$ cat coords.txt   # compact mmCIF, C-alpha atoms and all ligand atoms
# COMPACT_ATOMS: atom_id res chain seq x y z
CA MET A 5 0.00 0.00 0.00
CA ALA A 6 1.03 3.61 -0.51
CA PRO A 7 -0.42 7.06 0.11
CA THR A 8 -3.22 7.46 -2.39
CA ILE A 9 -4.81 10.20 -4.49
CA LEU A 10 -8.43 9.19 -5.09
CA VAL A 11 -10.28 10.32 -8.22
CA VAL A 12 -14.08 10.21 -7.94
CA GLY A 13 -15.87 10.66 -11.25
CA ALA A 14 -12.75 9.42 -13.04
CA THR A 15 -14.53 8.26 -16.21
CA GLY A 16 -16.36 11.54 -16.77
CA ASN A 17 -15.83 14.92 -18.42
CA THR A 18 -13.20 16.26 -16.01
CA GLY A 19 -12.06 13.11 -14.21
CA ARG A 20 -10.40 11.40 -17.16
CA SER A 21 -7.85 14.15 -17.82
CA THR A 22 -7.37 14.56 -14.06
CA VAL A 23 -6.18 10.92 -13.91
CA GLU A 24 -4.07 11.18 -17.08
CA THR A 25 -2.36 14.37 -15.91
CA LEU A 26 -1.86 13.12 -12.33
CA SER A 27 -0.03 10.06 -13.64
CA LYS A 28 2.45 12.26 -15.54
CA LEU A 29 2.89 14.84 -12.76
CA LEU A 30 3.38 12.27 -9.97
CA LYS A 31 6.17 10.57 -11.91
CA ALA A 32 8.03 13.88 -12.11
CA SER A 33 7.25 14.99 -8.53
CA ASN A 34 9.97 15.18 -5.88
CA THR A 35 7.53 14.96 -3.00
CA LEU A 36 4.66 12.74 -4.23
CA SER A 37 6.32 10.17 -6.49
CA ASP A 38 5.49 7.38 -4.00
CA HIS A 39 1.75 8.17 -4.26
CA ARG A 40 -0.58 5.92 -6.23
CA ILE A 41 -3.81 6.91 -7.98
CA ILE A 42 -7.12 5.14 -7.44
CA ALA A 43 -9.75 5.92 -10.10
CA LEU A 44 -13.33 4.94 -9.30
CA THR A 45 -16.07 3.72 -11.62
CA ARG A 46 -19.36 1.90 -11.18
CA SER A 47 -18.40 -0.40 -14.07
CA LEU A 48 -14.93 -1.73 -14.89
CA SER A 49 -16.14 -2.79 -18.33
CA GLY A 50 -16.71 0.79 -19.55
CA THR A 51 -14.44 2.06 -22.35
CA VAL A 52 -12.98 4.94 -20.33
CA ALA A 53 -12.46 2.73 -17.26
CA GLN A 54 -10.53 0.27 -19.41
CA HIS A 55 -8.41 3.10 -20.85
CA LEU A 56 -7.65 4.44 -17.34
CA ALA A 57 -6.49 0.99 -16.25
CA THR A 58 -3.65 1.16 -18.81
CA ILE A 59 -2.17 4.37 -17.36
CA PRO A 60 0.99 3.96 -15.24
CA GLY A 61 0.42 4.26 -11.49
CA VAL A 62 -3.37 4.02 -11.80
CA GLU A 63 -5.57 1.39 -10.17
CA VAL A 64 -9.19 1.42 -11.30
CA LEU A 65 -11.67 0.18 -8.70
CA GLU A 66 -15.34 -0.64 -9.18
CA LYS A 67 -17.26 1.21 -6.49
CA ASN A 68 -20.13 3.67 -6.40
CA TRP A 69 -18.58 6.73 -4.74
CA VAL A 70 -21.82 7.59 -2.91
CA ASP A 71 -21.11 4.55 -0.66
CA ILE A 72 -17.65 5.71 0.42
CA THR A 73 -17.10 5.76 4.19
CA ALA A 74 -14.29 7.07 6.41
CA ALA A 75 -13.24 3.47 7.04
CA TRP A 76 -12.92 2.81 3.28
CA LEU A 77 -10.81 5.96 2.81
CA ARG A 78 -8.51 4.95 5.69
CA GLU A 79 -8.23 1.37 4.42
CA HIS A 80 -7.11 2.68 0.99
CA GLU A 81 -4.75 5.24 2.56
CA VAL A 82 -6.39 8.16 0.76
CA VAL A 83 -4.56 11.41 1.53
CA ARG A 84 -5.84 13.62 -1.31
CA ALA A 85 -8.97 13.40 -3.46
CA PHE A 86 -10.72 14.81 -6.51
CA ILE A 87 -14.50 14.72 -6.85
CA ALA A 88 -16.72 15.52 -9.84
CA SER A 89 -20.15 14.83 -8.40
CA HIS A 90 -23.33 14.42 -10.40
CA ASN A 91 -25.61 17.45 -9.97
CA GLN A 92 -28.93 15.69 -9.58
CA PRO A 93 -31.38 16.91 -6.90
CA ASN A 94 -29.80 14.61 -4.24
CA GLN A 95 -26.27 15.98 -4.85
CA PHE A 96 -26.02 17.76 -1.49
CA ALA A 97 -26.86 14.63 0.50
CA GLU A 98 -24.41 12.47 -1.46
CA GLU A 99 -21.51 14.88 -1.95
CA SER A 100 -21.61 16.14 1.65
CA THR A 101 -21.49 12.52 2.84
CA PHE A 102 -18.26 12.15 0.86
CA HIS A 103 -16.69 15.30 2.36
CA LEU A 104 -17.72 14.27 5.88
CA ALA A 105 -16.11 10.86 5.36
CA ALA A 106 -12.96 12.62 4.09
CA LEU A 107 -12.88 14.86 7.19
CA ARG A 108 -13.32 11.90 9.54
CA ALA A 109 -10.67 9.85 7.70
CA GLY A 110 -8.08 12.64 7.98
CA VAL A 111 -7.85 13.23 4.20
CA GLN A 112 -5.59 16.27 3.78
CA TYR A 113 -6.91 17.92 0.61
CA VAL A 114 -9.92 17.71 -1.71
CA VAL A 115 -10.35 19.37 -5.12
CA ARG A 116 -13.98 19.47 -6.22
CA ILE A 117 -15.86 20.53 -9.34
CA SER A 118 -18.42 23.28 -8.76
CA THR A 119 -20.27 25.12 -11.52
CA THR A 120 -20.18 28.38 -13.48
CA ALA A 121 -18.99 31.06 -11.07
CA ALA A 122 -21.69 33.64 -11.86
CA ASN A 123 -24.34 31.08 -10.86
CA VAL A 124 -22.83 29.87 -7.56
CA ARG A 125 -25.06 31.94 -5.27
CA PRO A 126 -27.61 31.13 -2.57
CA ASP A 127 -30.26 32.90 -4.68
CA SER A 128 -29.59 31.19 -8.01
CA ASP A 129 -32.91 30.49 -9.74
CA ALA A 130 -31.54 27.19 -11.02
CA TYR A 131 -31.34 24.55 -8.29
CA TYR A 132 -27.93 22.92 -8.80
CA PRO A 133 -25.77 26.07 -8.46
CA ARG A 134 -27.43 26.54 -5.04
CA THR A 135 -26.29 23.00 -4.20
CA HIS A 136 -22.73 23.85 -5.21
CA TRP A 137 -22.95 27.03 -3.09
CA ALA A 138 -24.18 24.97 -0.14
CA ILE A 139 -21.34 22.43 -0.47
CA GLU A 140 -18.82 25.30 -0.50
CA ALA A 141 -20.52 26.82 2.57
CA LEU A 142 -20.32 23.46 4.36
CA LEU A 143 -16.62 23.13 3.54
CA SER A 144 -16.04 26.72 4.76
CA SER A 145 -17.58 25.98 8.17
CA PRO A 146 -15.34 25.78 11.27
CA GLU A 147 -16.33 22.12 11.68
CA PHE A 148 -14.52 21.30 8.42
CA ALA A 149 -11.37 23.34 9.16
CA ALA A 150 -9.13 20.24 9.21
CA LEU A 151 -9.97 19.38 5.59
CA GLN A 152 -8.22 21.58 3.03
CA TRP A 153 -10.16 22.09 -0.19
CA THR A 154 -10.36 23.99 -3.47
CA SER A 155 -13.56 24.42 -5.46
CA LEU A 156 -13.25 24.82 -9.24
CA GLN A 157 -15.99 26.92 -10.84
CA PRO A 158 -15.78 26.16 -14.56
CA ASN A 159 -17.82 27.77 -17.27
CA VAL A 160 -20.08 25.58 -19.39
CA PHE A 161 -18.21 22.69 -21.03
CA THR A 162 -17.53 22.76 -24.77
CA ASN A 163 -18.91 19.22 -25.31
CA PHE A 164 -22.24 20.39 -23.90
CA TRP A 165 -22.44 23.89 -25.47
CA LEU A 166 -21.39 22.63 -28.92
CA ALA A 167 -23.20 19.26 -28.92
CA SER A 168 -25.96 20.30 -31.30
CA ALA A 169 -23.46 21.97 -33.66
CA ALA A 170 -21.38 18.78 -33.84
CA ALA A 171 -24.53 16.69 -34.34
CA LEU A 172 -25.67 18.87 -37.25
CA ILE A 173 -22.28 18.66 -38.97
CA LYS A 174 -22.14 14.85 -38.57
CA HIS A 175 -25.71 14.52 -39.82
CA HIS A 176 -24.92 16.69 -42.84
CA ARG A 177 -21.80 14.64 -43.61
CA THR A 178 -23.76 11.38 -43.72
CA THR A 179 -27.05 12.54 -45.29
CA GLY A 180 -26.30 15.84 -47.03
CA THR A 181 -29.35 17.30 -45.23
CA GLN A 182 -29.83 19.59 -42.21
CA HIS A 183 -32.05 19.64 -39.16
CA PRO A 184 -32.68 22.84 -37.16
CA LEU A 185 -29.67 23.98 -35.12
CA ARG A 186 -30.86 24.35 -31.51
CA LEU A 187 -28.30 26.37 -29.53
CA LEU A 188 -28.34 27.10 -25.82
CA ALA A 189 -26.16 30.09 -26.69
CA SER A 190 -27.70 33.47 -27.41
CA ARG A 191 -26.79 35.04 -30.73
CA ASP A 192 -24.53 37.82 -29.42
CA ALA A 193 -23.29 37.17 -25.87
CA PRO A 194 -19.63 36.08 -25.67
CA VAL A 195 -19.12 33.03 -23.45
CA GLY A 196 -15.78 31.58 -22.26
CA VAL A 197 -16.72 27.94 -22.80
CA ILE A 198 -14.08 25.51 -21.50
CA ASP A 199 -12.94 22.08 -22.58
CA PRO A 200 -13.39 19.78 -19.56
CA ASP A 201 -9.97 18.24 -20.27
CA ASP A 202 -8.45 21.63 -19.40
CA VAL A 203 -10.37 21.60 -16.09
CA GLY A 204 -8.92 18.17 -15.26
CA VAL A 205 -5.40 19.30 -16.11
CA PHE A 206 -5.71 22.21 -13.66
CA ALA A 207 -7.22 19.96 -10.96
CA ALA A 208 -4.26 17.57 -11.28
CA HIS A 209 -1.78 20.44 -10.92
CA LEU A 210 -3.48 21.46 -7.67
CA LEU A 211 -3.49 17.88 -6.36
CA CYS A 212 0.27 17.63 -7.01
CA GLN A 213 1.24 20.77 -5.11
CA PRO A 214 3.83 19.80 -2.45
CA ASP A 215 1.81 21.94 -0.01
CA PRO A 216 -1.73 22.86 -1.11
CA ALA A 217 -2.22 25.35 1.77
CA ALA A 218 -2.00 28.37 -0.57
CA HIS A 219 -5.08 27.04 -2.41
CA ASN A 220 -7.07 26.03 0.68
CA LYS A 221 -10.64 27.44 0.70
CA ALA A 222 -10.11 28.96 -2.77
CA ARG A 223 -12.84 29.10 -5.38
CA TYR A 224 -11.23 29.38 -8.80
CA VAL A 225 -12.98 30.57 -11.95
CA LEU A 226 -12.11 28.62 -15.09
CA ASN A 227 -12.89 29.59 -18.67
CA GLY A 228 -11.45 28.58 -22.01
CA PRO A 229 -8.78 30.78 -23.65
CA GLY A 230 -11.38 32.88 -25.50
CA ASP A 231 -15.06 33.63 -25.93
CA VAL A 232 -17.55 32.41 -28.49
CA THR A 233 -21.01 33.76 -29.37
CA GLY A 234 -23.94 31.85 -30.80
CA ALA A 235 -23.49 33.60 -34.15
CA GLU A 236 -19.84 32.47 -34.19
CA ILE A 237 -20.91 28.87 -33.52
CA VAL A 238 -23.25 29.09 -36.51
CA ALA A 239 -20.36 30.42 -38.63
CA MET A 240 -18.17 27.47 -37.53
CA VAL A 241 -20.90 25.02 -38.55
CA GLU A 242 -21.24 26.75 -41.92
CA ARG A 243 -17.49 26.47 -42.54
CA HIS A 244 -17.65 22.73 -41.79
CA ILE A 245 -20.68 21.96 -43.97
CA GLY A 246 -19.87 24.46 -46.72
CA ALA A 247 -23.44 25.82 -46.73
CA ARG A 248 -25.70 28.24 -44.85
CA VAL A 249 -27.41 26.85 -41.76
CA GLU A 250 -31.07 26.89 -42.79
CA SER A 251 -32.73 27.12 -39.36
CA VAL A 252 -31.20 28.34 -36.06
CA SER A 253 -32.89 28.55 -32.69
CA TYR A 254 -30.89 30.54 -30.08
CA LYS A 255 -31.48 30.28 -26.30
CA ASP A 256 -33.14 26.97 -27.05
CA LEU A 257 -34.24 25.17 -23.87
CA THR A 258 -35.99 22.19 -25.48
CA PHE A 259 -33.62 19.66 -23.90
CA ILE A 260 -34.50 20.84 -20.38
CA GLU A 261 -38.20 20.30 -21.10
CA GLU A 262 -37.29 16.80 -22.36
CA MET A 263 -35.30 16.14 -19.16
CA ALA A 264 -38.21 17.28 -16.98
CA ALA A 265 -40.65 15.11 -18.93
CA ALA A 266 -38.51 12.07 -18.13
CA VAL A 267 -38.50 12.49 -14.31
CA GLU A 268 -41.10 11.73 -11.64
CA ALA A 269 -43.83 14.30 -11.08
CA GLY A 270 -42.35 15.52 -7.78
CA SER A 271 -38.99 16.53 -9.30
CA LYS A 272 -40.27 18.24 -12.45
CA SER A 273 -40.22 21.81 -11.10
CA VAL A 274 -36.71 21.34 -9.73
CA ILE A 275 -35.45 20.07 -13.10
CA LEU A 276 -37.27 22.84 -14.99
CA SER A 277 -35.39 25.41 -12.85
CA ILE A 278 -32.31 24.55 -14.97
CA ARG A 279 -33.90 26.88 -17.56
CA HIS A 280 -32.42 29.75 -15.54
CA ALA A 281 -28.84 28.44 -15.61
CA PRO A 282 -27.80 30.02 -18.95
CA GLU A 283 -29.18 33.47 -18.05
CA THR A 284 -25.85 34.71 -16.68
CA ALA A 285 -24.13 33.61 -19.91
CA TRP A 286 -26.79 35.40 -22.01
CA ALA A 287 -26.22 38.51 -19.86
CA GLY A 288 -22.50 38.51 -20.75
CA GLU A 289 -21.35 37.64 -17.19
CA CYS A 290 -19.39 34.50 -18.15
CA THR A 291 -16.57 35.72 -20.35
CA ALA A 292 -12.99 34.43 -20.49
CA SER A 293 -11.84 37.66 -18.80
CA THR A 294 -13.17 36.31 -15.47
CA THR A 295 -10.63 33.44 -15.22
CA SER A 296 -8.73 33.41 -11.91
CA ARG A 297 -5.08 34.49 -11.99
CA GLU A 298 -4.03 31.26 -10.23
CA VAL A 299 -5.53 29.21 -13.07
CA LEU A 300 -3.58 31.17 -15.69
CA GLU A 301 -0.37 30.80 -13.69
CA LEU A 302 -0.61 27.08 -12.86
CA ALA A 303 -2.18 25.48 -15.95
CA ALA A 304 -3.90 27.93 -18.29
CA PRO A 305 -6.73 26.40 -20.35
CA ARG A 306 -5.65 26.04 -23.98
CA ARG A 307 -8.35 24.49 -26.12
CA THR A 308 -10.57 26.92 -28.06
CA ALA A 309 -14.19 26.25 -29.00
CA ALA A 310 -13.07 25.63 -32.60
CA ASP A 311 -10.46 23.05 -31.41
CA ALA A 312 -13.08 21.35 -29.23
CA LEU A 313 -15.57 21.16 -32.11
CA GLU A 314 -12.90 19.56 -34.34
CA ALA A 315 -12.21 16.98 -31.62
CA MET A 316 -15.93 16.23 -31.24
CA LEU A 317 -16.18 15.58 -34.98
CA ARG A 318 -13.39 12.98 -34.73
CA GLU A 319 -15.26 11.01 -32.00
N1 LIG B 1 -21.54 20.01 -18.10
C1 LIG B 1 -21.18 21.28 -17.93
O1 LIG B 1 -21.22 22.09 -18.87
C2 LIG B 1 -20.66 21.72 -16.58
C3 LIG B 1 -20.05 22.99 -16.48
C4 LIG B 1 -19.56 23.40 -15.25
C5 LIG B 1 -19.66 22.56 -14.14
N2 LIG B 1 -20.26 21.33 -14.27
C6 LIG B 1 -20.35 20.48 -13.06
O2 LIG B 1 -19.55 19.34 -13.29
C7 LIG B 1 -19.94 18.35 -12.33
C8 LIG B 1 -19.79 16.99 -12.94
O3 LIG B 1 -18.46 16.83 -13.40
P1 LIG B 1 -18.18 15.98 -14.70
O4 LIG B 1 -19.01 16.52 -15.84
O5 LIG B 1 -16.72 15.88 -14.85
O6 LIG B 1 -18.77 14.56 -14.26
P2 LIG B 1 -19.65 13.57 -15.12
O7 LIG B 1 -18.95 13.31 -16.41
O8 LIG B 1 -21.06 14.05 -15.14
O9 LIG B 1 -19.65 12.29 -14.16
C9 LIG B 1 -18.45 11.70 -13.74
C10 LIG B 1 -18.67 10.23 -13.49
O10 LIG B 1 -19.45 10.06 -12.32
C11 LIG B 1 -20.17 8.83 -12.42
N3 LIG B 1 -21.58 9.13 -12.13
C12 LIG B 1 -22.45 9.82 -12.89
N4 LIG B 1 -23.65 9.92 -12.29
C13 LIG B 1 -23.53 9.29 -11.10
C14 LIG B 1 -24.42 9.06 -10.02
N5 LIG B 1 -25.69 9.51 -10.03
N6 LIG B 1 -23.97 8.36 -8.96
C15 LIG B 1 -22.69 7.90 -8.91
N7 LIG B 1 -21.79 8.10 -9.91
C16 LIG B 1 -22.21 8.79 -10.98
C17 LIG B 1 -19.94 8.30 -13.84
O11 LIG B 1 -18.90 7.32 -13.75
P3 LIG B 1 -19.15 5.74 -13.84
O12 LIG B 1 -20.35 5.51 -14.70
O13 LIG B 1 -17.86 5.24 -14.43
O14 LIG B 1 -19.34 5.32 -12.42
C18 LIG B 1 -19.42 9.51 -14.59
O15 LIG B 1 -18.56 9.18 -15.64
C19 LIG B 1 -21.39 18.67 -11.94
O16 LIG B 1 -21.45 18.87 -10.55
C20 LIG B 1 -21.74 19.92 -12.75
O17 LIG B 1 -22.53 20.83 -12.03
C21 LIG B 1 -20.73 20.89 -15.46

$ encode --input "coords.txt" --output "structure tokens" --more "lines below"
Ligand SMILES: NC(=O)c1ccc[n+]([C@@H]2O[C@H](COP(=O)([O-])OP(=O)(O)OC[C@H]3O[C@@H](n4cnc5c(N)ncnc54)[C@H](OP(=O)(O)O)[C@@H]3O)[C@@H](O)[C@H]2O)c1
Amino acid sequence: MAPTILVVGATGNTGRSTVETLSKLLKASNTLSDHRIIALTRSLSGTVAQHLATIPGVEVLEKNWVDITAAWLREHEVVRAFIASHNQPNQFAEESTFHLAALRAGVQYVVRISTTAANVRPDSDAYYPRTHWAIEALLSSPEFAALQWTSLQPNVFTNFWLASAAALIKHHRTTGTQHPLRLLASRDAPVGVIDPDDVGVFAAHLLCQPDPAAHNKARYVLNGPGDVTGAEIVAMVERHIGARVESVSYKDLTFIEEMAAAVEAGSKSVILSIRHAPETAWAGECTASTTSREVLELAAPRRTAADALEAMLRE
């Protein structure tokens, strides 16, 4: 056994590059080279889980992170941890259970994924940014003083913001026809969308700090290297398909209505509150200029929206 850095959510948007980057940084580290990485998944047979298992210094374990206890963390000698929690309505109950277990097990440092900085407020009209605010408030309480933590507040991820653009281009490539382009983006507001791989790279740099004290209790704002508007996304699609986009719907919230239709009656209003999440982006409050200085100094995000779209087309 060896001191362990645990990655929760390892197969997801931010967790995969956290694991990949940790493996490289630990090898080169003077102080943490004896640390191993445990990456968690609920299914070892998944494609990403199988990829993670091939990375040097990484052990992939099958466990649902919501069941983690202080005893399990002690048994696996976890000293530092990353967590990218789901943001479903029960997030607070499940993620706070994890942080409490970490506190009780004497884990030294946790890096967590929050959400878009402009939304992390107690009076956010969308429910899940209030959850992220509440988790940060819990971690800031005197009772949690022994657990060092950093909360990363990334802007919307490129794979989410550009999903319909990539789908239209792929559809056009195979059929030569178009369907309407439904964008969550507004036509004119610039938004500093970020590739989740860049978020994971920054998280890994934090987790490999010889002493993370300088980052304790910090909330860092992460955006991509530049902004993109809805009109610019349309122009990117047009360059790829070599034709005008025939029908564009900006600020399109159809997918949230589809999500709400799929849940039980009692949760519908909570899910529908997600309609308010993009309002700060539409108001121009989520631009790349808001990125924290520490992010730019330690591991500045590199991938532009155009780069991310190219990568999505190769998948
Ligand atoms: N999407 C965005 O644009 C965006 C932007 C900013 C912030 N965020 C925040 O990012 C956080 C999520 O981070 P992420 O996107 O990196 O994670 P993710 O890809 O959504 O999930 C990470 C992994 O967690 C496991 N998982 C998913 N749902 C679960 C559940 N209900 N119970 C237990 N395990 C579950 C899955 O792994 P296995 O199947 O392998 O177990 C999944 O691959 C959210 O809190 C969200 O608010 C998202």

$ atom_distance --input "coords.txt" --atom1 "CA of Leu29 (chain A)" --atom2 "CA of Ile117 (chain A)"
19.9 Å

$ residues_around --input "coords.txt" --residues "Gly288 (chain A)" --least-positions-apart "4" --cutoff "8 Å" --atoms "only C-alpha atoms" --output "JSON list (two decimals) with C-alpha atoms, keeping the file's coordinate frame"
[["chain", "number", "residue", "atom", "x", "y", "z"],
["A", 193, "ALA", "CA", -23.29, 37.17, -25.87],
["A", 194, "PRO", "CA", -19.63, 36.08, -25.67],
["A", 195, "VAL", "CA", -19.12, 33.03, -23.45],
["A", 284, "THR", "CA", -25.85, 34.71, -16.68]]

$ closest_residue --input "coords.txt" --among "A:Ser37, A:Ala138, A:Asp129, A:Pro60" --to "Pro214 (chain A)" --atoms "only C-alpha atoms"
A:Ser37

$ residues_around --input "coords.txt" --residues "Ala150 (chain A)" --least-positions-apart "5" --cutoff "8 Å" --atoms "all atoms listed in the file" --output "PyMOL selection string"
chain A and resi 107+110+112

$ closest_residue --input "coords.txt" --among "A:Ala74, A:Ala208, A:Ala309, A:Cys290" --to "Ala14 (chain A)" --atoms "all atoms listed in the file"
A:Ala208

$ closest_residue --input "coords.txt" --among "A:Asp38, A:Asp199, A:Glu140, A:Glu289" --to "ligand LIG 1 (chain B)" --atoms "only C-alpha atoms and all ligand atoms"
A:Asp199

$ residues_around --input "coords.txt" --residues "region 311-319 of chain A" --least-positions-apart "5" --cutoff "9 Å" --atoms "only C-alpha atoms" --output "ChimeraX atom specification"
/A:162-163,166-167,169-171,173-174,198-199,240

$ residues_near_ligand --input "coords.txt" --ligand "ligand LIG 1 (chain B)" --cutoff "9 Å" --atoms "all atoms listed in the file" --output "PyMOL selection string"
chain A and resi 12-20+44-48+50+52-53+66-70+87-92+94-95+98+116-121+132-133+135-136+156-165+197-198+200-201+203-204

$ atom_distance --input "coords.txt" --atom1 "CA of Leu302 (chain A)" --atom2 "CA of Leu30 (chain A)"
15.6 Å

$ decode --input "coords.txt" --residues "region 63-80 of chain A" --atoms "N, CA, C and O atoms" --output "PDB file, in the first residue's frame"
ATOM      1  N   GLU A  63      -4.771   2.587 -10.452  1.00  0.00           N
ATOM      2  CA  GLU A  63      -5.567   1.386 -10.174  1.00  0.00           C
ATOM      3  C   GLU A  63      -7.030   1.797 -10.305  1.00  0.00           C
ATOM      4  O   GLU A  63      -7.449   2.783  -9.682  1.00  0.00           O
ATOM      5  N   VAL A  64      -7.772   1.086 -11.131  1.00  0.00           N
ATOM      6  CA  VAL A  64      -9.189   1.416 -11.297  1.00  0.00           C
ATOM      7  C   VAL A  64     -10.004   0.454 -10.433  1.00  0.00           C
ATOM      8  O   VAL A  64      -9.846  -0.762 -10.538  1.00  0.00           O
ATOM      9  N   LEU A  65     -10.841   1.010  -9.580  1.00  0.00           N
ATOM     10  CA  LEU A  65     -11.668   0.176  -8.699  1.00  0.00           C
ATOM     11  C   LEU A  65     -13.139   0.374  -9.041  1.00  0.00           C
ATOM     12  O   LEU A  65     -13.563   1.497  -9.356  1.00  0.00           O
ATOM     13  N   GLU A  66     -13.895  -0.724  -8.928  1.00  0.00           N
ATOM     14  CA  GLU A  66     -15.342  -0.637  -9.175  1.00  0.00           C
ATOM     15  C   GLU A  66     -16.039  -0.364  -7.847  1.00  0.00           C
ATOM     16  O   GLU A  66     -16.057  -1.232  -6.957  1.00  0.00           O
ATOM     17  N   LYS A  67     -16.534   0.843  -7.707  1.00  0.00           N
ATOM     18  CA  LYS A  67     -17.261   1.214  -6.491  1.00  0.00           C
ATOM     19  C   LYS A  67     -18.092   2.456  -6.786  1.00  0.00           C
ATOM     20  O   LYS A  67     -17.622   3.374  -7.440  1.00  0.00           O
ATOM     21  N   ASN A  68     -19.315   2.460  -6.290  1.00  0.00           N
ATOM     22  CA  ASN A  68     -20.132   3.673  -6.403  1.00  0.00           C
ATOM     23  C   ASN A  68     -19.676   4.636  -5.310  1.00  0.00           C
ATOM     24  O   ASN A  68     -19.749   4.318  -4.119  1.00  0.00           O
ATOM     25  N   TRP A  69     -19.195   5.824  -5.722  1.00  0.00           N
ATOM     26  CA  TRP A  69     -18.583   6.726  -4.738  1.00  0.00           C
ATOM     27  C   TRP A  69     -19.568   7.167  -3.651  1.00  0.00           C
ATOM     28  O   TRP A  69     -19.138   7.538  -2.554  1.00  0.00           O
ATOM     29  N   VAL A  70     -20.852   7.113  -3.925  1.00  0.00           N
ATOM     30  CA  VAL A  70     -21.816   7.590  -2.910  1.00  0.00           C
ATOM     31  C   VAL A  70     -21.805   6.679  -1.674  1.00  0.00           C
ATOM     32  O   VAL A  70     -22.311   7.055  -0.620  1.00  0.00           O
ATOM     33  N   ASP A  71     -21.197   5.495  -1.794  1.00  0.00           N
ATOM     34  CA  ASP A  71     -21.114   4.552  -0.664  1.00  0.00           C
ATOM     35  C   ASP A  71     -19.794   4.649   0.103  1.00  0.00           C
ATOM     36  O   ASP A  71     -19.536   3.845   0.998  1.00  0.00           O
ATOM     37  N   ILE A  72     -18.962   5.615  -0.246  1.00  0.00           N
ATOM     38  CA  ILE A  72     -17.649   5.714   0.422  1.00  0.00           C
ATOM     39  C   ILE A  72     -17.821   6.129   1.884  1.00  0.00           C
ATOM     40  O   ILE A  72     -18.601   7.031   2.204  1.00  0.00           O
ATOM     41  N   THR A  73     -17.079   5.450   2.750  1.00  0.00           N
ATOM     42  CA  THR A  73     -17.095   5.764   4.188  1.00  0.00           C
ATOM     43  C   THR A  73     -15.693   6.183   4.632  1.00  0.00           C
ATOM     44  O   THR A  73     -14.706   5.961   3.907  1.00  0.00           O
ATOM     45  N   ALA A  74     -15.610   6.713   5.856  1.00  0.00           N
ATOM     46  CA  ALA A  74     -14.294   7.074   6.411  1.00  0.00           C
ATOM     47  C   ALA A  74     -13.419   5.830   6.521  1.00  0.00           C
ATOM     48  O   ALA A  74     -12.213   5.878   6.229  1.00  0.00           O
ATOM     49  N   ALA A  75     -14.024   4.706   6.897  1.00  0.00           N
ATOM     50  CA  ALA A  75     -13.242   3.466   7.040  1.00  0.00           C
ATOM     51  C   ALA A  75     -12.647   3.053   5.691  1.00  0.00           C
ATOM     52  O   ALA A  75     -11.478   2.646   5.612  1.00  0.00           O
ATOM     53  N   TRP A  76     -13.427   3.178   4.627  1.00  0.00           N
ATOM     54  CA  TRP A  76     -12.921   2.808   3.283  1.00  0.00           C
ATOM     55  C   TRP A  76     -11.762   3.723   2.886  1.00  0.00           C
ATOM     56  O   TRP A  76     -10.750   3.273   2.334  1.00  0.00           O
ATOM     57  N   LEU A  77     -11.877   5.012   3.167  1.00  0.00           N
ATOM     58  CA  LEU A  77     -10.807   5.964   2.811  1.00  0.00           C
ATOM     59  C   LEU A  77      -9.526   5.652   3.589  1.00  0.00           C
ATOM     60  O   LEU A  77      -8.424   5.675   3.035  1.00  0.00           O
ATOM     61  N   ARG A  78      -9.691   5.304   4.876  1.00  0.00           N
ATOM     62  CA  ARG A  78      -8.510   4.951   5.691  1.00  0.00           C
ATOM     63  C   ARG A  78      -7.870   3.670   5.167  1.00  0.00           C
ATOM     64  O   ARG A  78      -6.656   3.594   4.997  1.00  0.00           O
ATOM     65  N   GLU A  79      -8.720   2.674   4.897  1.00  0.00           N
ATOM     66  CA  GLU A  79      -8.227   1.371   4.420  1.00  0.00           C
ATOM     67  C   GLU A  79      -7.402   1.538   3.134  1.00  0.00           C
ATOM     68  O   GLU A  79      -6.404   0.860   2.928  1.00  0.00           O
ATOM     69  N   HIS A  80      -7.824   2.476   2.255  1.00  0.00           N
ATOM     70  CA  HIS A  80      -7.110   2.675   0.988  1.00  0.00           C
ATOM     71  C   HIS A  80      -6.055   3.782   1.076  1.00  0.00           C
ATOM     72  O   HIS A  80      -5.503   4.191   0.054  1.00  0.00           O
TER      73      HIS A  80
END
